[in-house]
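Quick look at my_file_13.cif (mmCIF, C-alpha atoms):
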```
data_coords
loop_
_atom_site.label_atom_id
_atom_site.label_comp_id
_atom_site.auth_asym_id
_atom_site.auth_seq_id
_atom_site.Cartn_x
_atom_site.Cartn_y
_atom_site.Cartn_z
CA MET A 1 186.54 76.85 103.73
CA ASN A 2 187.92 73.40 104.32
CA TRP A 3 185.31 71.01 105.66
CA LEU A 4 187.62 70.10 108.55
CA ASP A 5 187.65 73.76 109.61
CA GLU A 6 183.87 73.67 109.99
CA VAL A 7 184.24 71.18 112.80
CA LYS A 8 184.42 72.79 116.24
CA TRP A 9 187.30 70.90 117.82
CA ASP A 10 187.40 71.07 121.61
CA GLN A 11 190.33 72.38 123.65
CA ASP A 12 192.12 69.08 123.05
CA GLY A 13 191.43 69.18 119.31
CA LEU A 14 188.82 66.42 119.51
CA VAL A 15 185.15 65.75 118.74
CA PRO A 16 183.02 62.81 119.86
CA ALA A 17 182.07 60.46 117.01
CA ILE A 18 179.05 58.18 117.28
CA ALA A 19 179.15 54.89 115.38
CA GLN A 20 175.62 53.79 114.53
CA ASP A 21 174.78 50.52 112.82
CA ALA A 22 173.64 51.48 109.31
CA GLU A 23 171.09 48.65 109.20
CA THR A 24 169.60 48.50 112.68
CA GLY A 25 170.25 52.06 113.87
CA ARG A 26 171.75 50.80 117.09
CA VAL A 27 174.39 53.03 118.64
CA LEU A 28 177.42 50.76 118.87
CA MET A 29 180.04 53.02 120.39
CA VAL A 30 181.25 56.55 120.88
CA ALA A 31 184.90 57.51 120.64
CA TRP A 32 186.93 60.61 119.88
CA MET A 33 188.40 61.90 116.66
CA ASN A 34 191.04 64.49 115.98
CA ARG A 35 191.54 66.22 112.67
CA GLU A 36 193.78 63.51 111.29
CA SER A 37 191.46 60.65 112.23
CA LEU A 38 188.38 62.36 110.77
CA ALA A 39 190.27 63.10 107.54
CA LEU A 40 191.43 59.47 107.35
CA THR A 41 187.91 58.23 108.05
CA ALA A 42 186.52 60.31 105.20
CA ASP A 43 189.32 59.30 102.82
CA THR A 44 189.38 55.57 103.52
CA LYS A 45 185.74 55.06 104.56
CA ILE A 46 187.09 53.05 107.50
CA ALA A 47 186.57 54.50 110.99
CA HIS A 48 189.68 55.97 112.60
CA TYR A 49 189.65 57.50 116.06
CA TRP A 50 192.02 59.16 118.48
CA SER A 51 192.73 57.00 121.50
CA ARG A 52 192.84 59.31 124.49
CA SER A 53 194.18 56.59 126.79
CA ARG A 54 197.04 55.71 124.45
CA SER A 55 197.43 59.17 122.88
CA ARG A 56 197.63 57.85 119.39
CA LEU A 57 195.72 57.39 116.17
CA TRP A 58 193.55 54.30 116.41
CA LYS A 59 192.14 52.46 113.44
CA LYS A 60 189.20 50.66 115.01
CA GLY A 61 189.68 46.91 114.58
CA GLU A 62 193.40 47.15 113.85
CA GLU A 63 193.99 44.36 116.36
CA SER A 64 190.63 42.59 116.53
CA GLY A 65 189.81 42.77 112.84
CA HIS A 66 186.52 44.42 113.78
CA LEU A 67 186.82 47.25 111.30
CA GLN A 68 184.00 49.72 110.73
CA ALA A 69 183.04 50.50 107.13
CA VAL A 70 181.62 54.01 107.01
CA LYS A 71 178.54 54.55 104.85
CA GLU A 72 177.68 58.08 105.90
CA LEU A 73 179.14 60.92 107.93
CA ARG A 74 177.06 63.69 109.47
CA LEU A 75 177.85 66.77 111.52
CA ASP A 76 175.51 68.47 113.98
CA CYS A 77 174.28 72.06 114.06
CA ASP A 78 177.00 73.16 116.48
CA GLY A 79 179.67 71.35 114.48
CA ASP A 80 180.97 69.56 117.54
CA VAL A 81 179.62 66.00 117.17
CA VAL A 82 179.91 63.52 114.29
CA VAL A 83 177.52 60.63 113.59
CA MET A 84 178.60 57.79 111.32
CA GLN A 85 176.46 55.11 109.73
CA ILE A 86 178.65 52.04 109.74
CA GLU A 87 178.84 48.35 108.95
CA GLN A 88 180.50 46.64 111.89
CA GLN A 89 182.81 43.84 110.78
CA GLY A 90 182.39 40.78 112.99
CA GLY A 91 179.26 42.24 114.56
CA ILE A 92 181.19 43.27 117.68
CA ALA A 93 182.03 46.88 118.45
CA CYS A 94 182.77 46.64 122.17
CA HIS A 95 186.07 45.48 123.65
CA THR A 96 184.04 43.36 126.09
CA GLY A 97 182.99 41.17 123.13
CA ARG A 98 179.49 42.62 122.88
CA GLU A 99 177.74 44.06 119.85
CA SER A 100 177.46 47.51 121.42
CA CYS A 101 179.28 49.34 124.21
CA PHE A 102 175.86 50.37 125.54
CA TYR A 103 175.00 47.09 127.22
CA ARG A 104 173.97 48.53 130.59
CA ARG A 105 170.41 49.76 131.08
CA PHE A 106 169.13 51.88 133.93
CA GLU A 107 166.57 49.93 135.96
CA ASP A 108 165.28 50.90 139.40
CA GLY A 109 168.34 52.88 140.41
CA GLU A 110 170.95 50.53 138.95
CA TRP A 111 172.87 49.99 135.74
CA VAL A 112 171.98 46.43 134.75
CA VAL A 113 173.92 44.42 132.15
CA VAL A 114 171.32 43.36 129.61
CA ASP A 115 173.35 42.25 126.56
CA GLU A 116 175.34 39.07 126.24
CA VAL A 117 178.99 38.64 125.40
CA LEU A 118 179.19 37.28 121.84
CA LYS A 119 182.87 36.41 121.92
CA ASP A 120 185.41 36.09 124.72
CA PRO A 121 187.65 39.18 124.61
CA LYS A 122 190.66 36.92 125.27
CA SER A 123 190.08 35.34 121.88
CA ILE A 124 189.57 38.72 120.21
CA TYR A 125 192.72 40.40 121.47
CA ALA A 126 195.97 38.47 121.22
CA HIS A 127 197.89 41.02 123.29
CA GLY A 128 195.60 41.88 126.16
CA HIS A 129 192.95 44.53 126.34
CA GLY A 130 192.43 46.57 123.22
CA HIS A 131 189.68 48.27 121.33
CA MET B 1 177.55 52.09 145.06
CA ASN B 2 175.26 54.81 143.83
CA TRP B 3 174.48 54.51 140.12
CA LEU B 4 175.57 58.12 139.61
CA ASP B 5 179.01 57.24 140.95
CA GLU B 6 179.42 54.63 138.23
CA VAL B 7 179.37 57.38 135.64
CA LYS B 8 182.83 58.67 134.73
CA TRP B 9 182.28 62.39 134.78
CA ASP B 10 184.89 64.38 132.88
CA GLN B 11 187.06 67.13 134.39
CA ASP B 12 184.08 69.49 134.15
CA GLY B 13 181.73 66.98 135.77
CA LEU B 14 179.93 66.23 132.51
CA VAL B 15 179.14 63.34 130.18
CA PRO B 16 177.78 63.49 126.62
CA ALA B 17 174.20 62.24 126.32
CA ILE B 18 172.81 61.03 123.00
CA ALA B 19 169.09 61.43 122.37
CA GLN B 20 167.90 58.78 119.94
CA ASP B 21 164.35 58.55 118.61
CA ALA B 22 162.84 55.48 120.27
CA GLU B 23 160.77 54.65 117.18
CA THR B 24 163.03 55.40 114.22
CA GLY B 25 166.45 55.08 115.85
CA ARG B 26 167.53 58.41 114.44
CA VAL B 27 170.08 60.30 116.51
CA LEU B 28 168.35 63.61 117.18
CA MET B 29 170.90 65.48 119.26
CA VAL B 30 173.83 65.21 121.64
CA ALA B 31 174.20 67.44 124.66
CA TRP B 32 175.92 67.33 128.03
CA MET B 33 174.68 66.24 131.42
CA ASN B 34 176.05 66.83 134.87
CA ARG B 35 175.15 64.77 137.91
CA GLU B 36 172.07 66.84 138.70
CA SER B 37 170.68 66.72 135.18
CA LEU B 38 171.17 62.97 134.85
CA ALA B 39 169.50 62.39 138.22
CA LEU B 40 166.58 64.63 137.19
CA THR B 41 166.31 62.85 133.85
CA ALA B 42 166.08 59.48 135.57
CA ASP B 43 163.60 60.75 138.17
CA THR B 44 161.25 62.65 135.89
CA LYS B 45 161.76 60.66 132.66
CA ILE B 46 162.09 64.01 130.90
CA ALA B 47 165.50 64.87 129.43
CA HIS B 48 167.50 67.46 131.37
CA TYR B 49 170.91 68.65 130.26
CA TRP B 50 173.61 71.01 131.38
CA SER B 51 173.95 73.99 129.08
CA ARG B 52 177.65 74.71 128.74
CA SER B 53 177.05 78.01 126.94
CA ARG B 54 174.68 79.28 129.62
CA SER B 55 176.23 77.37 132.55
CA ARG B 56 172.92 76.22 133.89
CA LEU B 57 170.57 73.29 134.14
CA TRP B 58 168.53 73.03 130.95
CA LYS B 59 165.27 71.17 130.69
CA LYS B 60 165.11 70.49 126.95
CA GLY B 61 161.99 72.13 125.54
CA GLU B 62 161.48 74.45 128.51
CA GLU B 63 161.00 77.33 126.07
CA SER B 64 159.95 75.60 122.84
CA GLY B 65 157.72 72.98 124.41
CA HIS B 66 159.74 70.33 122.60
CA LEU B 67 160.23 68.13 125.64
CA GLN B 68 161.88 64.73 125.39
CA ALA B 69 160.15 61.81 127.11
CA VAL B 70 162.79 59.27 128.09
CA LYS B 71 161.94 55.61 127.51
CA GLU B 72 165.33 54.08 128.24
CA LEU B 73 168.74 55.12 129.57
CA ARG B 74 171.94 53.24 128.82
CA LEU B 75 175.57 53.68 129.84
CA ASP B 76 178.57 52.52 127.86
CA CYS B 77 181.41 50.19 128.89
CA ASP B 78 183.67 53.06 129.92
CA GLY B 79 180.85 54.75 131.80
CA ASP B 80 181.44 58.04 130.07
CA VAL B 81 178.60 58.27 127.52
CA VAL B 82 174.81 57.98 127.99
CA VAL B 83 172.31 56.97 125.29
CA MET B 84 168.63 57.74 125.74
CA GLN B 85 165.70 56.37 123.80
CA ILE B 86 163.27 59.25 123.62
CA GLU B 87 159.97 60.46 122.26
CA GLN B 88 160.52 63.94 120.85
CA GLN B 89 157.55 66.22 121.49
CA GLY B 90 156.72 68.28 118.42
CA GLY B 91 159.03 66.15 116.27
CA ILE B 92 161.73 68.83 116.39
CA ALA B 93 164.92 68.42 118.41
CA CYS B 94 167.13 71.02 116.73
CA HIS B 95 167.07 74.73 117.50
CA THR B 96 167.18 75.32 113.73
CA GLY B 97 163.65 73.87 113.50
CA ARG B 98 164.76 70.53 112.10
CA GLU B 99 163.96 67.05 113.34
CA SER B 100 167.59 66.29 114.11
CA CYS B 101 170.69 68.37 114.74
CA PHE B 102 172.53 66.08 112.32
CA TYR B 103 171.21 67.64 109.13
CA ARG B 104 174.57 68.04 107.37
CA ARG B 105 176.00 65.14 105.42
CA PHE B 106 179.53 64.79 104.13
CA GLU B 107 179.55 64.72 100.32
CA ASP B 108 182.63 65.16 98.12
CA GLY B 109 184.60 67.19 100.62
CA GLU B 110 181.73 69.33 101.89
CA TRP B 111 179.10 69.33 104.61
CA VAL B 112 175.83 69.56 102.71
CA VAL B 113 172.52 70.48 104.35
CA VAL B 114 170.18 67.60 103.47
CA ASP B 115 167.24 68.00 105.87
CA GLU B 116 164.52 70.58 105.70
CA VAL B 117 163.45 73.07 108.33
CA LEU B 118 160.07 71.91 109.67
CA LYS B 119 159.26 75.06 111.59
CA ASP B 120 160.71 78.57 111.57
CA PRO B 121 162.86 78.95 114.71
CA LYS B 122 161.41 82.46 115.15
CA SER B 123 158.03 80.90 115.79
CA ILE B 124 159.51 78.28 118.13
CA TYR B 125 161.42 80.64 120.40
CA ALA B 126 159.62 83.68 121.65
CA HIS B 127 162.74 85.24 123.15
CA GLY B 128 165.44 84.71 120.57
CA HIS B 129 167.72 81.76 120.15
CA GLY B 130 167.20 78.88 122.54
CA HIS B 131 167.37 75.15 122.58
#
```
Target format structure tokens, applied to this file:
Amino acid sequence: MNWLDEVKWDQDGLVPAIAQDAETGRVLMVAWMNRESLALTADTKIAHYWSRSRSRLWKKGEESGHLQAVKELRLDCDGDVVVMQIEQQGGIACHTGRESCFYRRFEDGEWVVVDEVLKDPKSIYAHGHGH
Amino acid sequence: MNWLDEVKWDQDGLVPAIAQDAETGRVLMVAWMNRESLALTADTKIAHYWSRSRSRLWKKGEESGHLQAVKELRLDCDGDVVVMQIEQQGGIACHTGRESCFYRRFEDGEWVVVDEVLKDPKSIYAHGHGH
């Protein structure tokens, strides 16, 4: 059986993929992959996702230069989630200019921003908002 | 605004929740939460999910005793993924009896089982397969 057939794609043909910093273990982001993007990720060892908002293949960092070098790929017991150990180029995974997309912490009934912006998104993305 | 309204629930009213070991940083499992399970998780500091296969609220470890004590809850920039820092009771998060559900690693075109079973699932679940 092809390894891609062992993945349980959802009704849209996607699985969530977690990008975890290979050194620190921090979860940097979660995005979606289709069959093509997972195959490309495995082949090139550079993270590729499927952008649901733009309905297209998305090589992370294609605009910002913040590529993700993939050191390890794992699949869970149900075959419906992927975890990657990555090296984050530029140290910024989030389109807000932060290291991680998970910069809001639950405190006393509120989501509180607890991580700083490392780089102004305007200087990361030449052509407006991107990922 | 209520903190639960800041979460972008999908068309089924769910978000993926990542359980990460608070000490080691290992991603132990990913499951789904609805509004009620996220509220309960925040209130009790014990992880509660929504079981899609059984269509019911699922307190992780309710059968196995492998509860998850939640130390921190974070939300991502898009508001559609939750990451929890947890302490895994019994050291086993996976229904296969392994520490983590992510026990298969991609190697040369195959998913290879690389983590050992710590406890026979038959001795974890009295009444057949559970989580």
- Note on the structure: Residue with the minimum atom-to-atom distance to Ala93 of chain B, picked from B:Phe106, B:Ala17, B:Ala126, B:Gly65 with all atoms listed in the file counted, is B:Gly65
- Specify as a list in words each residue included when the PyMOL selection byres ((chain B) within 6 of (chain A)) is applied to this file. Trp3, Gly25, Leu73, Arg74, Leu75, Asp76, Cys77, Cys101, Phe102, Arg104, Arg105, Phe106 and Glu110 of chain B
Just C-alpha atoms for this one: save the residues we selected as an mmCIF file, in the frame of the given file.
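Result file is result-v9.cif:
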```cif
data_model
loop_
_atom_site.group_PDB
_atom_site.id
_atom_site.type_symbol
_atom_site.label_atom_id
_atom_site.label_comp_id
_atom_site.auth_asym_id
_atom_site.auth_seq_id
_atom_site.Cartn_x
_atom_site.Cartn_y
_atom_site.Cartn_z
ATOM 1 C CA TRP B 3 174.480 54.510 140.120
ATOM 2 C CA GLY B 25 166.450 55.080 115.850
ATOM 3 C CA LEU B 73 168.740 55.120 129.570
ATOM 4 C CA ARG B 74 171.940 53.240 128.820
ATOM 5 C CA LEU B 75 175.570 53.680 129.840
ATOM 6 C CA ASP B 76 178.570 52.520 127.860
ATOM 7 C CA CYS B 77 181.410 50.190 128.890
ATOM 8 C CA CYS B 101 170.690 68.370 114.740
ATOM 9 C CA PHE B 102 172.530 66.080 112.320
ATOM 10 C CA ARG B 104 174.570 68.040 107.370
ATOM 11 C CA ARG B 105 176.000 65.140 105.420
ATOM 12 C CA PHE B 106 179.530 64.790 104.130
ATOM 13 C CA GLU B 110 181.730 69.330 101.890
#
```
- Could you name the residues that touch Gln68 of chain A at 10 Å or less, counting all atoms listed in the file, but leaving out those on the same chain fewer than 5 positions away, as an NGL selection string? :A and (19 or 21 or 41 or 45-48 or 59-61 or 84-93)
Hand me chain B as it sits after a least-squares fit onto chain A over every Cα, paired in order, written as an mmCIF file with C-alpha atoms, in the coordinates of the input.
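File written: superposed_7.cif
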```cif
data_model
loop_
_atom_site.group_PDB
_atom_site.id
_atom_site.type_symbol
_atom_site.label_atom_id
_atom_site.label_comp_id
_atom_site.auth_asym_id
_atom_site.auth_seq_id
_atom_site.Cartn_x
_atom_site.Cartn_y
_atom_site.Cartn_z
ATOM 1 C CA MET B 1 186.559 76.864 103.723
ATOM 2 C CA ASN B 2 187.923 73.407 104.311
ATOM 3 C CA TRP B 3 185.304 71.001 105.658
ATOM 4 C CA LEU B 4 187.623 70.106 108.539
ATOM 5 C CA ASP B 5 187.651 73.748 109.609
ATOM 6 C CA GLU B 6 183.879 73.681 109.991
ATOM 7 C CA VAL B 7 184.249 71.187 112.805
ATOM 8 C CA LYS B 8 184.430 72.796 116.246
ATOM 9 C CA TRP B 9 187.290 70.916 117.803
ATOM 10 C CA ASP B 10 187.394 71.088 121.590
ATOM 11 C CA GLN B 11 190.334 72.407 123.632
ATOM 12 C CA ASP B 12 192.116 69.093 123.041
ATOM 13 C CA GLY B 13 191.423 69.179 119.304
ATOM 14 C CA LEU B 14 188.817 66.422 119.502
ATOM 15 C CA VAL B 15 185.157 65.769 118.738
ATOM 16 C CA PRO B 16 183.007 62.825 119.859
ATOM 17 C CA ALA B 17 182.068 60.477 117.017
ATOM 18 C CA ILE B 18 179.054 58.181 117.276
ATOM 19 C CA ALA B 19 179.147 54.893 115.386
ATOM 20 C CA GLN B 20 175.624 53.791 114.539
ATOM 21 C CA ASP B 21 174.774 50.518 112.811
ATOM 22 C CA ALA B 22 173.639 51.481 109.311
ATOM 23 C CA GLU B 23 171.099 48.642 109.198
ATOM 24 C CA THR B 24 169.594 48.494 112.683
ATOM 25 C CA GLY B 25 170.235 52.047 113.875
ATOM 26 C CA ARG B 26 171.753 50.787 117.092
ATOM 27 C CA VAL B 27 174.393 53.028 118.629
ATOM 28 C CA LEU B 28 177.418 50.749 118.861
ATOM 29 C CA MET B 29 180.049 53.005 120.382
ATOM 30 C CA VAL B 30 181.248 56.561 120.871
ATOM 31 C CA ALA B 31 184.888 57.523 120.639
ATOM 32 C CA TRP B 32 186.923 60.622 119.879
ATOM 33 C CA MET B 33 188.399 61.899 116.653
ATOM 34 C CA ASN B 34 191.033 64.496 115.986
ATOM 35 C CA ARG B 35 191.530 66.234 112.665
ATOM 36 C CA GLU B 36 193.776 63.500 111.296
ATOM 37 C CA SER B 37 191.451 60.662 112.234
ATOM 38 C CA LEU B 38 188.387 62.363 110.774
ATOM 39 C CA ALA B 39 190.257 63.101 107.542
ATOM 40 C CA LEU B 40 191.426 59.467 107.357
ATOM 41 C CA THR B 41 187.909 58.233 108.064
ATOM 42 C CA ALA B 42 186.517 60.310 105.215
ATOM 43 C CA ASP B 43 189.317 59.294 102.838
ATOM 44 C CA THR B 44 189.378 55.573 103.528
ATOM 45 C CA LYS B 45 185.732 55.066 104.578
ATOM 46 C CA ILE B 46 187.077 53.051 107.503
ATOM 47 C CA ALA B 47 186.570 54.503 110.991
ATOM 48 C CA HIS B 48 189.681 55.982 112.604
ATOM 49 C CA TYR B 49 189.658 57.490 116.069
ATOM 50 C CA TRP B 50 192.019 59.159 118.467
ATOM 51 C CA SER B 51 192.730 57.017 121.499
ATOM 52 C CA ARG B 52 192.844 59.334 124.489
ATOM 53 C CA SER B 53 194.176 56.618 126.800
ATOM 54 C CA ARG B 54 197.023 55.726 124.451
ATOM 55 C CA SER B 55 197.425 59.190 122.878
ATOM 56 C CA ARG B 56 197.624 57.862 119.375
ATOM 57 C CA LEU B 57 195.715 57.400 116.163
ATOM 58 C CA TRP B 58 193.537 54.303 116.422
ATOM 59 C CA LYS B 59 192.147 52.461 113.450
ATOM 60 C CA LYS B 60 189.188 50.658 115.022
ATOM 61 C CA GLY B 61 189.668 46.916 114.597
ATOM 62 C CA GLU B 62 193.392 47.154 113.862
ATOM 63 C CA GLU B 63 193.981 44.363 116.379
ATOM 64 C CA SER B 64 190.617 42.579 116.540
ATOM 65 C CA GLY B 65 189.801 42.773 112.853
ATOM 66 C CA HIS B 66 186.508 44.409 113.777
ATOM 67 C CA LEU B 67 186.823 47.250 111.295
ATOM 68 C CA GLN B 68 184.011 49.724 110.736
ATOM 69 C CA ALA B 69 183.040 50.493 107.139
ATOM 70 C CA VAL B 70 181.628 54.010 107.011
ATOM 71 C CA LYS B 71 178.542 54.536 104.854
ATOM 72 C CA GLU B 72 177.683 58.082 105.882
ATOM 73 C CA LEU B 73 179.150 60.925 107.942
ATOM 74 C CA ARG B 74 177.067 63.694 109.468
ATOM 75 C CA LEU B 75 177.867 66.781 111.527
ATOM 76 C CA ASP B 76 175.528 68.469 113.966
ATOM 77 C CA CYS B 77 174.295 72.078 114.052
ATOM 78 C CA ASP B 78 177.005 73.165 116.477
ATOM 79 C CA GLY B 79 179.667 71.348 114.488
ATOM 80 C CA ASP B 80 180.972 69.568 117.536
ATOM 81 C CA VAL B 81 179.627 66.007 117.178
ATOM 82 C CA VAL B 82 179.927 63.518 114.282
ATOM 83 C CA VAL B 83 177.533 60.631 113.580
ATOM 84 C CA MET B 84 178.611 57.789 111.322
ATOM 85 C CA GLN B 85 176.468 55.121 109.736
ATOM 86 C CA ILE B 86 178.650 52.043 109.745
ATOM 87 C CA GLU B 87 178.850 48.364 108.950
ATOM 88 C CA GLN B 88 180.510 46.645 111.898
ATOM 89 C CA GLN B 89 182.809 43.831 110.792
ATOM 90 C CA GLY B 90 182.388 40.775 112.993
ATOM 91 C CA GLY B 91 179.246 42.244 114.565
ATOM 92 C CA ILE B 92 181.191 43.262 117.674
ATOM 93 C CA ALA B 93 182.033 46.882 118.456
ATOM 94 C CA CYS B 94 182.762 46.624 122.180
ATOM 95 C CA HIS B 95 186.061 45.493 123.662
ATOM 96 C CA THR B 96 184.023 43.368 126.092
ATOM 97 C CA GLY B 97 182.976 41.174 123.141
ATOM 98 C CA ARG B 98 179.484 42.617 122.884
ATOM 99 C CA GLU B 99 177.726 44.060 119.865
ATOM 100 C CA SER B 100 177.459 47.498 121.432
ATOM 101 C CA CYS B 101 179.265 49.325 124.213
ATOM 102 C CA PHE B 102 175.852 50.363 125.538
ATOM 103 C CA TYR B 103 175.003 47.077 127.221
ATOM 104 C CA ARG B 104 173.962 48.524 130.593
ATOM 105 C CA ARG B 105 170.421 49.744 131.075
ATOM 106 C CA PHE B 106 169.115 51.865 133.911
ATOM 107 C CA GLU B 107 166.559 49.917 135.958
ATOM 108 C CA ASP B 108 165.274 50.908 139.406
ATOM 109 C CA GLY B 109 168.334 52.882 140.402
ATOM 110 C CA GLU B 110 170.936 50.528 138.947
ATOM 111 C CA TRP B 111 172.868 49.971 135.742
ATOM 112 C CA VAL B 112 171.974 46.426 134.748
ATOM 113 C CA VAL B 113 173.926 44.424 132.165
ATOM 114 C CA VAL B 114 171.312 43.360 129.600
ATOM 115 C CA ASP B 115 173.352 42.242 126.575
ATOM 116 C CA GLU B 116 175.331 39.072 126.231
ATOM 117 C CA VAL B 117 178.990 38.643 125.401
ATOM 118 C CA LEU B 118 179.185 37.266 121.847
ATOM 119 C CA LYS B 119 182.860 36.396 121.919
ATOM 120 C CA ASP B 120 185.406 36.068 124.718
ATOM 121 C CA PRO B 121 187.635 39.174 124.622
ATOM 122 C CA LYS B 122 190.644 36.905 125.266
ATOM 123 C CA SER B 123 190.078 35.323 121.883
ATOM 124 C CA ILE B 124 189.563 38.711 120.213
ATOM 125 C CA TYR B 125 192.723 40.387 121.468
ATOM 126 C CA ALA B 126 195.930 38.467 121.196
ATOM 127 C CA HIS B 127 197.915 40.972 123.246
ATOM 128 C CA GLY B 128 195.673 41.867 126.143
ATOM 129 C CA HIS B 129 193.052 44.546 126.326
ATOM 130 C CA GLY B 130 192.485 46.560 123.179
ATOM 131 C CA HIS B 131 189.697 48.205 121.318
#
```
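One finds atom CA of Glu62 of chain B at 19.1 Å from atom CA of Leu118 of chain B.
Going from atom CA of Glu99 of chain B to atom CA of Asp120 of chain B covers 12.1 Å.
The interatomic distance for the pair atom CA of Asn34 of chain B and atom CA of Val15 of chain B works out to 6.6 Å.
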- Item | Shell around Trp50 of chain B at 7 Å using all atoms listed in the file, local window under 6 positions removed, as a PyMOL selection string | chain B and resi 32-34+37+56-58
Got time to write the residues from that selection, C-alpha atoms, as a PDB file, in the coordinates of the input?
```
ATOM      1  CA  TRP B  32     175.920  67.330 128.030  1.00  0.00           C
ATOM      2  CA  MET B  33     174.680  66.240 131.420  1.00  0.00           C
ATOM      3  CA  ASN B  34     176.050  66.830 134.870  1.00  0.00           C
ATOM      4  CA  SER B  37     170.680  66.720 135.180  1.00  0.00           C
ATOM      5  CA  ARG B  56     172.920  76.220 133.890  1.00  0.00           C
ATOM      6  CA  LEU B  57     170.570  73.290 134.140  1.00  0.00           C
ATOM      7  CA  TRP B  58     168.530  73.030 130.950  1.00  0.00           C
TER       8      TRP B  58
END
```
Taking all listed atoms of segment 100-103 of chain A, build the axis-aligned box, pad each of the six sides by 6 Å, then write its centre and edge lengths in Å to one decimal as JSON.
```
{"center_x": 177.1, "center_y": 48.7, "center_z": 124.3, "size_x": 16.3, "size_y": 15.3, "size_z": 17.8}
```
